[in-house]
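Trainee: Would you mind keeping the following structure in view while I ask a few things?
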Amino acid sequence: EWLAREHRCEAALLVAVNDHELTTAVSAFGGSARPQEQLGQRVPLMPPLGEAYIAWAPEATVEAWLRRAPSQEPEVVEKYRHRLKTVHELGYAMSRIPPEGGPRYADLTEAMREYAAGELTPARERAVRAVISGASAFYETCEIVDGETYDLGTIVGPVLGPDGSVALCLRLGQLPRGADAHQVRRWVVSLKEAAARISRSLGTRAGDQYAAWQATTGDYLM
């Protein structure tokens, strides 16, 4: 609730319900952000979705996630593997809303909503998955540069459990458009700090990992 009010956005916690889906467990809203999905709505764990969860998963789970990518070309699979490594190093994943004229972020949102509704025919499920996989460019890791502005879709970070695996994912969405680099850095730091507080409240021993991420955030985001 504090994140939503402070940053005028949506803040939500997601939890895994099985080995191939996440679901929204709780959400809060600030500013002009409004509910866009129901609590319990499923999010498929398939590339490019779920990077902030999969980046800390066991190798077998990572490989299963990679096999869900529609293209199994070696360079495509390696690209996703590299992105998981980057997300793990940084401590968060990010998506960007593309400029007009290219693939539409709204199409991804609608595809995820249709997936969550369930009861898809095989043909329709293939079409929905194709839209999701086609949104890969929205999730490319980017350097945050002073003087630039950013339209972000989401920022997602892990809440680690005692064994170092992800217990929950903390997500910021519906973020104000046209954010400058300073604002984006504030969002990332706030997300990490909140995730660390939640982790500590769960009685975990993940503080050292968060401290390491905090040390690298400044270098990456400068």
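Every chain in the structure tokens has a letter given in the order shown (A, B, ...), and although residue numbers restart at 1 in each chain, ligands are simply numbered from 1 in the order shown.
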Which residues of stretch 36-116 of chain A have any atom within 6 Å of an atom in stretch 6-28 of chain A when counting only C-alpha atoms, and what is the closest pair of atoms for each, with the distance in Å to one decimal? Order the rows by chain and rising number and write it as CSV.
Mentor:
```
residue,atom,partner,partner_atom,distance
A:Leu39,CA,A:Thr24,CA,5.3
A:Gly40,CA,A:Thr24,CA,5.1
A:Gln41,CA,A:Thr23,CA,5.4
A:Arg42,CA,A:Thr23,CA,4.6
A:Val43,CA,A:Leu22,CA,5.0
A:Pro44,CA,A:Glu21,CA,4.6
A:Leu45,CA,A:His20,CA,4.9
```
Trainee: How would the residues just picked look written out with C-alpha atoms as an mmCIF file, in the first residue's frame?
Mentor:
```
data_model
loop_
_atom_site.group_PDB
_atom_site.id
_atom_site.type_symbol
_atom_site.label_atom_id
_atom_site.label_comp_id
_atom_site.auth_asym_id
_atom_site.auth_seq_id
_atom_site.Cartn_x
_atom_site.Cartn_y
_atom_site.Cartn_z
ATOM 1 C CA LEU A 39 -7.058 -11.414 -7.533
ATOM 2 C CA GLY A 40 -6.135 -14.974 -8.324
ATOM 3 C CA GLN A 41 -5.689 -14.248 -12.024
ATOM 4 C CA ARG A 42 -3.122 -16.621 -13.487
ATOM 5 C CA VAL A 43 0.087 -15.481 -15.181
ATOM 6 C CA PRO A 44 1.755 -18.121 -17.373
ATOM 7 C CA LEU A 45 5.381 -18.922 -16.642
#
```
Trainee: Using only C-alpha atoms, which residues sit within 7 Å of stretch 146-157 of chain A once same-chain residues fewer than 4 positions away are excluded, as a short mmCIF file (atom, residue, chain, number, x, y, z; two decimals) with N, CA, C and O atoms, in the first residue's frame?
Mentor:
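Done, and the output landed in part17.cif:
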```cif
data_model
loop_
_atom_site.label_atom_id
_atom_site.label_comp_id
_atom_site.auth_asym_id
_atom_site.auth_seq_id
_atom_site.Cartn_x
_atom_site.Cartn_y
_atom_site.Cartn_z
N ALA A 52 11.56 -12.73 -13.17
CA ALA A 52 11.95 -12.43 -11.78
C ALA A 52 11.69 -13.61 -10.86
O ALA A 52 12.24 -13.66 -9.76
N GLY A 91 18.69 -8.11 -9.47
CA GLY A 91 17.67 -8.23 -8.44
C GLY A 91 16.30 -7.76 -8.86
O GLY A 91 15.41 -7.64 -8.02
N TYR A 92 16.08 -7.54 -10.16
CA TYR A 92 14.75 -7.13 -10.63
C TYR A 92 14.66 -7.36 -12.14
O TYR A 92 15.68 -7.49 -12.83
N ALA A 93 13.43 -7.42 -12.63
CA ALA A 93 13.14 -7.46 -14.06
C ALA A 93 12.27 -6.27 -14.40
O ALA A 93 11.56 -5.74 -13.55
N MET A 94 12.30 -5.87 -15.65
CA MET A 94 11.59 -4.66 -16.07
C MET A 94 10.99 -4.88 -17.46
O MET A 94 11.58 -5.57 -18.29
N SER A 95 9.82 -4.31 -17.69
CA SER A 95 9.27 -4.29 -19.04
C SER A 95 9.00 -2.85 -19.45
O SER A 95 8.74 -1.99 -18.60
N ARG A 96 9.08 -2.58 -20.75
CA ARG A 96 8.87 -1.24 -21.27
C ARG A 96 7.70 -1.24 -22.25
O ARG A 96 7.49 -2.20 -23.00
N ILE A 97 6.94 -0.16 -22.25
CA ILE A 97 5.85 0.01 -23.20
C ILE A 97 6.45 0.56 -24.49
O ILE A 97 7.11 1.61 -24.48
N CYS A 169 6.78 -12.67 -5.57
CA CYS A 169 7.29 -11.62 -6.45
C CYS A 169 6.53 -10.33 -6.14
O CYS A 169 5.30 -10.34 -6.00
N LEU A 170 7.26 -9.23 -6.04
CA LEU A 170 6.68 -7.92 -5.81
C LEU A 170 6.71 -7.15 -7.13
O LEU A 170 7.78 -7.02 -7.74
N ARG A 171 5.54 -6.66 -7.55
CA ARG A 171 5.44 -6.03 -8.87
C ARG A 171 4.87 -4.62 -8.77
O ARG A 171 3.87 -4.40 -8.08
N LEU A 172 5.49 -3.69 -9.46
CA LEU A 172 4.95 -2.35 -9.65
C LEU A 172 4.44 -2.25 -11.08
O LEU A 172 5.15 -2.60 -12.02
N GLY A 173 3.21 -1.76 -11.27
CA GLY A 173 2.64 -1.60 -12.59
C GLY A 173 1.85 -0.30 -12.68
O GLY A 173 1.70 0.42 -11.70
N GLN A 174 1.35 -0.02 -13.89
CA GLN A 174 0.63 1.23 -14.15
C GLN A 174 1.43 2.43 -13.66
O GLN A 174 0.89 3.37 -13.06
N LEU A 175 2.72 2.39 -13.90
CA LEU A 175 3.61 3.47 -13.47
C LEU A 175 3.40 4.71 -14.34
O LEU A 175 3.09 4.59 -15.53
N ARG A 177 3.80 7.52 -16.93
CA ARG A 177 4.58 7.54 -18.17
C ARG A 177 5.57 8.69 -18.18
O ARG A 177 5.45 9.66 -17.43
N GLY A 178 6.54 8.59 -19.07
CA GLY A 178 7.50 9.66 -19.27
C GLY A 178 8.42 9.90 -18.08
O GLY A 178 8.86 11.03 -17.85
N ALA A 179 8.75 8.85 -17.34
CA ALA A 179 9.60 8.99 -16.16
C ALA A 179 11.04 9.25 -16.57
O ALA A 179 11.55 8.66 -17.52
N ASP A 180 11.70 10.16 -15.84
CA ASP A 180 13.11 10.38 -16.12
C ASP A 180 13.95 9.32 -15.40
O ASP A 180 13.44 8.50 -14.63
N ALA A 181 15.26 9.35 -15.65
CA ALA A 181 16.14 8.32 -15.10
C ALA A 181 16.13 8.33 -13.58
O ALA A 181 16.16 7.26 -12.94
N LEU A 191 11.41 -0.62 -4.70
CA LEU A 191 10.99 -2.01 -4.88
C LEU A 191 11.91 -2.94 -4.10
O LEU A 191 11.45 -3.84 -3.37
N LYS A 192 13.22 -2.74 -4.22
CA LYS A 192 14.16 -3.62 -3.54
C LYS A 192 14.05 -3.48 -2.02
O LYS A 192 14.10 -4.48 -1.29
#
```
Trainee: How would you write, as an NGL selection string, the set of residues in stretch 87-154 of chain A that DSSP gives as strand (DSSP E)?
Mentor: :A and (93-96 or 149-150 or 152-154)
Trainee: Give the alpha helix (DSSP H) residues of stretch 148-185 of chain A, as assigned by DSSP on the backbone, as a PyMOL selection string.
Mentor: chain A and resi 181-185
Trainee: Take the residues that were just selected and, keeping N, CA and C atoms, output them as a PDB file, in the first residue's frame.
Mentor:
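For reference, out-v9.pdb as written:
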```pdb
ATOM      1  N   ALA A 181      15.255   9.348 -15.650  1.00  0.00           N
ATOM      2  CA  ALA A 181      16.140   8.321 -15.104  1.00  0.00           C
ATOM      3  C   ALA A 181      16.135   8.326 -13.583  1.00  0.00           C
ATOM      4  N   HIS A 182      16.094   9.513 -12.990  1.00  0.00           N
ATOM      5  CA  HIS A 182      16.085   9.605 -11.530  1.00  0.00           C
ATOM      6  C   HIS A 182      14.859   8.913 -10.955  1.00  0.00           C
ATOM      7  N   GLN A 183      13.703   9.111 -11.578  1.00  0.00           N
ATOM      8  CA  GLN A 183      12.478   8.507 -11.082  1.00  0.00           C
ATOM      9  C   GLN A 183      12.531   6.985 -11.199  1.00  0.00           C
ATOM     10  N   VAL A 184      13.033   6.493 -12.329  1.00  0.00           N
ATOM     11  CA  VAL A 184      13.146   5.047 -12.510  1.00  0.00           C
ATOM     12  C   VAL A 184      14.053   4.448 -11.442  1.00  0.00           C
ATOM     13  N   ARG A 185      15.144   5.130 -11.142  1.00  0.00           N
ATOM     14  CA  ARG A 185      16.043   4.627 -10.089  1.00  0.00           C
ATOM     15  C   ARG A 185      15.348   4.595  -8.739  1.00  0.00           C
TER      16      ARG A 185
END
```
Trainee: For atom CA of A:Arg113 and atom CA of A:Phe138, determine how far apart the two atoms are, in Å to one decimal place.
Mentor: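 Rounded to one decimal, the two atoms are 17.4 Å apart.
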Trainee: Calculated over only C-alpha atoms, which of the candidates A:Ala130, A:Gly203, A:Ser165, A:Glu1 has the smallest distance to A:Thr61?
Mentor: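 Of all the options, A:Ser165 lies closest to A:Thr61.
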